[in-house]
Structure formats: C-alpha cells, structure tokens
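Enquirer: My questions will all concern the structure given below.
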There are 2 protein chains.
Amino acid sequence: MSQRAELTDQWRSLTLRYNEIACKLDRELDEAHGVSMNEFETLDRLAAADRESLRMQDLAAAMYLSQSALSRTVARLERAGLVERALCEHDRRGVYVKITAAGRARHGEAGKTHFAILTEHLGADD
Amino acid sequence: MSQRAELTDQWRSLTLRYNEIACKLDRELDEAHGVSMNEFETLDRLAAADRESLRMQDLAAAMYLSQSALSRTVARLERAGLVERALCEHDRRGVYVKITAAGRARHGEAGKTHFAILTEHLGADD
DNA sequence: CGAAGTTACATGCGCTCGCATCTAATGCAC
DNA sequence: GTGCATTAGATGCGAGCGCATGTAACTTCG
C-alpha cells in the first residue's frame, strides 16, 4: 500500500474513532444530565482544580476551544447555576471561574456516564 | 494512576490530536483551495470511486456525517461546479453524485496540501 | 388497483462554533 | 501623569451541524 493510502486510512480511522466517541458523549451526557460534552469537560477541569480557581484563558488553552466558544460555554454553565464567575482582584480584566455545589453534584453524576462511555470505547484496543 | 485518570488522559490526548489535525486541514484546505475538510473528503471519495457513481447515502455512511449535512455539502460542491447530481434510473428517489473535471482538478491540487498535513502530523508517531 | 408504510433526499430550525470586533483594564515609554 | 500598544473577556455575525419534518418515489398488502 502506498504511503499516501496508508496515511489516509490512518486519518480516516482516527476521525471515525474520535467522532464515534465524541458524538456518543455529547448525546448521552445531554440526555441523561443536560450538559454537552464541552460543558462537562469544563466542569471536569474546574472540579479538579477545585480551589485554585481557574481563569478563562487557562480553561480555553487546555480545552482546544476558541476563546469565544469558552466564554459562551461558561455563560451557559453559569445560567444553569453550575459555575460562578468572580472578578480577579489583581487584574480586573480577568475572570475567575469556580464550580458551585450544584455544579459539583452534576459533575459527579455525569462523570459516571462519561467514564462508562470511555471504558466501553477505549478499554480494549489502543 | 487510576483507571479513570488514565482513560481521561487517553481521551484528552485523542481529542487534542484529532482537533489539531482537523483544524489545520480545514483552515489550510480552505485558504489554499477554497474547500472545507468535509468537502475535500467528499471529493476524495468521489475521485476514488470514479465511474461507480456513488449514491448520497453511501457517501454519508462512509463519512460519519449526517444525511442532512452531506446533502448540503454536495449542494455546495455542486454550486462550485465540482460535482454533479444525476437521477438514478432504477430508483428515482436516489441521487448519484459524480465528480466533474473541475472537481478532479481541484481535488488533485488540494490533495497535495492534504497529504502534506497528514505526513507532518501522522508521520512520526502512532 | 389503491391506501398505508417505508425510503431517499431536501429543507426549516435552533444550536455551537470560529473570526472579527468591541470594551475595559493594564503596562510601557517618555 | 498622558498616550499608545497590549491583554482579558464579551459579543455580532455568518457558517456548518444534527434533528425533525417535508416531499416525492417506491413497496407492500388487501
């Protein structure tokens, strides 16, 4: 098989693999817990950071999400009462994002679904 | 490391990897050749199938793209003169999609960019 | 044949995304 | 201090996506 056909196969395989998992995560997290995949990922990072209250930009950089998309994701989470924004004292342009009790609870529940899907799809191979 | 943290790492790594390549493909294919990643992928499959003229549904199934998204992708390609739709004789609900000469030319050019990006990102590892 | 169900594709709708831009706060030069 | 460049985040905009639905062509069953 040519070098080129091999690369194309590799890429299509990666695409299929990613999309299958991402699509399932997005659908099931939303159906069962009312959060999108990106929203869950945001909660997940906030829950892990806990008291080190993250800045918007730290979240965006870690998540391969554009700054504007993250801004809106946080806005949705805030509207749902799952996170809070707080002004940064030192630099009043900055915004700290903090997970709420409700957010932690939701994250805990959704985390089970998340883990189950990853186990199912990443367990055997790779 | 816990089973769970390991899976999460694996998933984030897969996500990052996919997004980096997909984003670069999308951007560079558009900038240099005026086609999106999905449009190129469609052309690529049509060019390979050549005279076996594919049905919409065959394309959609192979590409992990919803039926509606594919319908619009083909519509854009048709508007750009890169593919043609033809009614299927046996089943007049069906639509055959065929690449045009212009489409083949565009595919050839864009294919170089595509191959270069895949080589760069999938060459060493994996 | 004719009505009801199914299938293939198109399309209205609402959503999220990235890009470009806006606003406000900060930093830096002089 | 005053002015200009930079930075953090919000937001208007246009684009593509998936879901639900619409339309037209088949199919099945009486």
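Letters for chains follow the order of the structure tokens (A, B, ...), residue numbers begin at 1 for each chain, and ligand numbers begin at 1 in the order shown.
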Report as JSON lines the residues of chain B within 8 Å of chain C, each with its shortest atom pair and distance in Å (one decimal), using only C-alpha atoms (C1' of nucleotides), ordered by chain and increasing residue number.
Expert:
```
{"residue": "B:Met56", "atom": "CA", "partner": "C:DC9", "partner_atom": "C1'", "distance": 8.0}
{"residue": "B:Gln57", "atom": "CA", "partner": "C:DA8", "partner_atom": "C1'", "distance": 7.9}
{"residue": "B:Ser68", "atom": "CA", "partner": "C:DA10", "partner_atom": "C1'", "distance": 7.9}
{"residue": "B:Ser71", "atom": "CA", "partner": "C:DC9", "partner_atom": "C1'", "distance": 7.4}
{"residue": "B:Arg93", "atom": "CA", "partner": "C:DA8", "partner_atom": "C1'", "distance": 5.2}
{"residue": "B:Gly94", "atom": "CA", "partner": "C:DA8", "partner_atom": "C1'", "distance": 5.5}
{"residue": "B:Val95", "atom": "CA", "partner": "C:DC9", "partner_atom": "C1'", "distance": 7.6}
```
Enquirer: Could you please take those selected residues and save N, CA and C atoms as a PDB file, in the first residue's frame?
Expert:
```
ATOM      1  N   MET B  56     -25.858   9.279  -2.547  1.00  0.00           N
ATOM      2  CA  MET B  56     -25.742  10.143  -1.376  1.00  0.00           C
ATOM      3  C   MET B  56     -25.546   9.321  -0.108  1.00  0.00           C
ATOM      4  N   GLN B  57     -26.387   8.335   0.048  1.00  0.00           N
ATOM      5  CA  GLN B  57     -26.373   7.569   1.288  1.00  0.00           C
ATOM      6  C   GLN B  57     -25.060   6.811   1.482  1.00  0.00           C
ATOM      7  N   SER B  68     -28.283  15.074   6.400  1.00  0.00           N
ATOM      8  CA  SER B  68     -28.570  16.461   6.023  1.00  0.00           C
ATOM      9  C   SER B  68     -27.286  17.226   5.749  1.00  0.00           C
ATOM     10  N   SER B  71     -26.022  16.281   2.379  1.00  0.00           N
ATOM     11  CA  SER B  71     -26.857  16.880   1.342  1.00  0.00           C
ATOM     12  C   SER B  71     -26.411  18.308   1.060  1.00  0.00           C
ATOM     13  N   ARG B  93     -35.819   8.058  -6.507  1.00  0.00           N
ATOM     14  CA  ARG B  93     -35.624   8.815  -5.279  1.00  0.00           C
ATOM     15  C   ARG B  93     -34.138   9.079  -5.094  1.00  0.00           C
ATOM     16  N   GLY B  94     -33.345   8.126  -5.557  1.00  0.00           N
ATOM     17  CA  GLY B  94     -31.896   8.179  -5.354  1.00  0.00           C
ATOM     18  C   GLY B  94     -31.222   9.249  -6.180  1.00  0.00           C
ATOM     19  N   VAL B  95     -30.056   9.675  -5.727  1.00  0.00           N
ATOM     20  CA  VAL B  95     -29.271  10.661  -6.458  1.00  0.00           C
ATOM     21  C   VAL B  95     -27.835  10.171  -6.555  1.00  0.00           C
TER      22      VAL B  95
END
```
Enquirer: With a cut-off of 10 Å and counting only C-alpha atoms (C1' of nucleotides), select all residues of chain B in contact with chain D and give the selection as a PDB file with C-alpha atoms, in the first residue's frame.
Expert:
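What ended up in part-v3.pdb:
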```pdb
ATOM      1  CA  LEU B  65     -21.670  12.921   8.518  1.00  0.00           C
ATOM      2  CA  SER B  66     -25.402  13.234   8.974  1.00  0.00           C
ATOM      3  CA  GLN B  67     -27.562  12.807   5.928  1.00  0.00           C
ATOM      4  CA  SER B  68     -28.570  16.461   6.023  1.00  0.00           C
ATOM      5  CA  ALA B  69     -25.006  17.686   6.357  1.00  0.00           C
ATOM      6  CA  ARG B  72     -25.706  20.435   1.944  1.00  0.00           C
ATOM      7  CA  THR B  73     -22.057  19.592   1.372  1.00  0.00           C
ATOM      8  CA  ASP B  91     -34.842   4.328  -8.199  1.00  0.00           C
ATOM      9  CA  ARG B  92     -35.791   7.870  -8.926  1.00  0.00           C
ATOM     10  CA  ARG B  93     -35.624   8.815  -5.279  1.00  0.00           C
ATOM     11  CA  GLY B  94     -31.896   8.179  -5.354  1.00  0.00           C
TER      12      GLY B  94
END
```
Enquirer: Going by DSSP on the backbone, which bits of chain A are strand (DSSP E or B)? Write them as a PyMOL selection string, please.
Expert: chain A and resi 54-55+83-87+95-99
Enquirer: How would the residues just picked look written out with N, CA and C atoms as a compact mmCIF listing (two decimals), in the first residue's frame?
Expert:
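Saved as selection28.txt:
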```txt
# COMPACT_ATOMS: atom_id res chain seq x y z
N LEU A 54 -9.72 28.75 38.37
CA LEU A 54 -9.11 28.94 37.07
C LEU A 54 -9.55 30.22 36.37
N ARG A 55 -8.68 30.71 35.54
CA ARG A 55 -9.03 31.85 34.69
C ARG A 55 -9.64 31.32 33.41
N VAL A 83 -21.69 26.95 37.59
CA VAL A 83 -20.43 27.64 37.89
C VAL A 83 -20.73 29.10 38.25
N GLU A 84 -19.74 29.76 38.80
CA GLU A 84 -19.85 31.18 39.10
C GLU A 84 -18.64 31.90 38.55
N ARG A 85 -18.85 33.13 38.15
CA ARG A 85 -17.73 33.96 37.74
C ARG A 85 -17.41 34.92 38.87
N ALA A 86 -16.13 35.19 39.04
CA ALA A 86 -15.72 36.15 40.05
C ALA A 86 -14.60 36.99 39.50
N LEU A 87 -14.65 38.28 39.77
CA LEU A 87 -13.60 39.16 39.29
C LEU A 87 -12.28 38.82 39.96
N VAL A 95 -11.21 36.98 34.76
CA VAL A 95 -12.39 36.40 35.40
C VAL A 95 -12.02 35.02 35.92
N TYR A 96 -12.28 34.82 37.20
CA TYR A 96 -12.09 33.50 37.76
C TYR A 96 -13.38 32.73 37.61
N VAL A 97 -13.25 31.45 37.26
CA VAL A 97 -14.44 30.61 37.16
C VAL A 97 -14.36 29.56 38.26
N LYS A 98 -15.47 29.40 38.96
CA LYS A 98 -15.48 28.49 40.10
C LYS A 98 -16.71 27.60 40.00
N ILE A 99 -16.54 26.32 40.30
CA ILE A 99 -17.67 25.40 40.25
C ILE A 99 -18.52 25.56 41.51
```
Enquirer: Write out as CSV a residue-level contact list of chain B versus chain A with cut-off 7 Å: for each qualifying residue the closest pair of atoms and the distance in Å to one decimal, counting only C-alpha atoms, rows sorted by chain and residue number upward.
Expert:
```
residue,atom,partner,partner_atom,distance
B:Arg4,CA,A:Phe115,CA,6.8
B:Leu7,CA,A:Leu118,CA,6.6
B:Thr15,CA,A:Tyr18,CA,6.9
B:Leu16,CA,A:Tyr64,CA,6.8
B:Tyr18,CA,A:Thr15,CA,6.9
B:Tyr64,CA,A:Leu16,CA,6.8
B:Phe115,CA,A:Arg4,CA,6.8
B:Leu118,CA,A:Leu7,CA,6.5
```
Enquirer: At a cut-off of 10 Å, using only C-alpha atoms (C1' of nucleotides), what residues contact A:Gly108? Leave out same-chain residues fewer than 6 positions from it and give the result as a ChimeraX atom specification.
Expert: /A:43-44,47,102,114
Enquirer: Write a file of the just-selected residues containing N, CA and C atoms, as an mmCIF file, in the first residue's frame.
Expert:
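Contents of result-v3.cif, freshly written:
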```
data_model
loop_
_atom_site.group_PDB
_atom_site.id
_atom_site.type_symbol
_atom_site.label_atom_id
_atom_site.label_comp_id
_atom_site.auth_asym_id
_atom_site.auth_seq_id
_atom_site.Cartn_x
_atom_site.Cartn_y
_atom_site.Cartn_z
ATOM 1 N N LEU A 43 -16.570 21.517 33.412
ATOM 2 C CA LEU A 43 -16.843 21.178 34.808
ATOM 3 C C LEU A 43 -15.752 20.261 35.349
ATOM 4 N N ASP A 44 -15.326 19.329 34.533
ATOM 5 C CA ASP A 44 -14.327 18.352 34.949
ATOM 6 C C ASP A 44 -13.033 19.043 35.346
ATOM 7 N N ALA A 47 -13.610 21.054 38.541
ATOM 8 C CA ALA A 47 -13.715 20.196 39.728
ATOM 9 C C ALA A 47 -12.326 19.735 40.168
ATOM 10 N N ALA A 102 -23.907 22.794 43.190
ATOM 11 C CA ALA A 102 -24.762 22.152 42.189
ATOM 12 C C ALA A 102 -23.917 21.629 41.026
ATOM 13 N N HIS A 114 -19.807 9.479 31.679
ATOM 14 C CA HIS A 114 -18.591 9.776 30.937
ATOM 15 C C HIS A 114 -17.600 8.617 31.032
#
```
Enquirer: Can you pull out every residue within 9 Å of B:Thr113, counting only C-alpha atoms (C1' of nucleotides), but drop anything in the same chain fewer than 4 positions away, and send it as a PyMOL selection string?
Expert: chain B and resi 25+28-29+32-33+109+117-118
Enquirer: Save the residues we just selected, C-alpha atoms, as a short mmCIF file (atom, residue, chain, number, x, y, z; two decimals), in the first residue's frame?
Expert:
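The resulting result06.cif:
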```
data_model
loop_
_atom_site.label_atom_id
_atom_site.label_comp_id
_atom_site.auth_asym_id
_atom_site.auth_seq_id
_atom_site.Cartn_x
_atom_site.Cartn_y
_atom_site.Cartn_z
CA LEU B 25 -6.83 20.67 7.39
CA GLU B 28 -5.41 25.28 5.00
CA LEU B 29 -7.62 23.49 2.52
CA ALA B 32 -5.34 27.46 -0.42
CA HIS B 33 -8.09 25.73 -2.36
CA GLU B 109 -4.34 20.29 -6.11
CA ILE B 117 -0.51 17.91 6.54
CA LEU B 118 -1.16 14.24 7.23
#
```
Enquirer: Report as a ChimeraX atom specification: the residues of chain B with a DSSP assignment of helix (DSSP H, G or I), based on the backbone of this structure.
Expert: /B:3-33,37-52,56-63,67-79,101-122
Enquirer: Kindly give the distance, in Å, that separates atom CA of A:Arg106 and atom CA of A:Leu82, rounded to a single decimal.
Expert: 7.7 Å
Enquirer: Using Å and a single decimal, report how far atom CA of B:Gly111 sits from atom CA of B:Ala48.
Expert: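 So the two atoms, atom CA of B:Ala48 and atom CA of B:Gly111, lie 12.2 Å apart.
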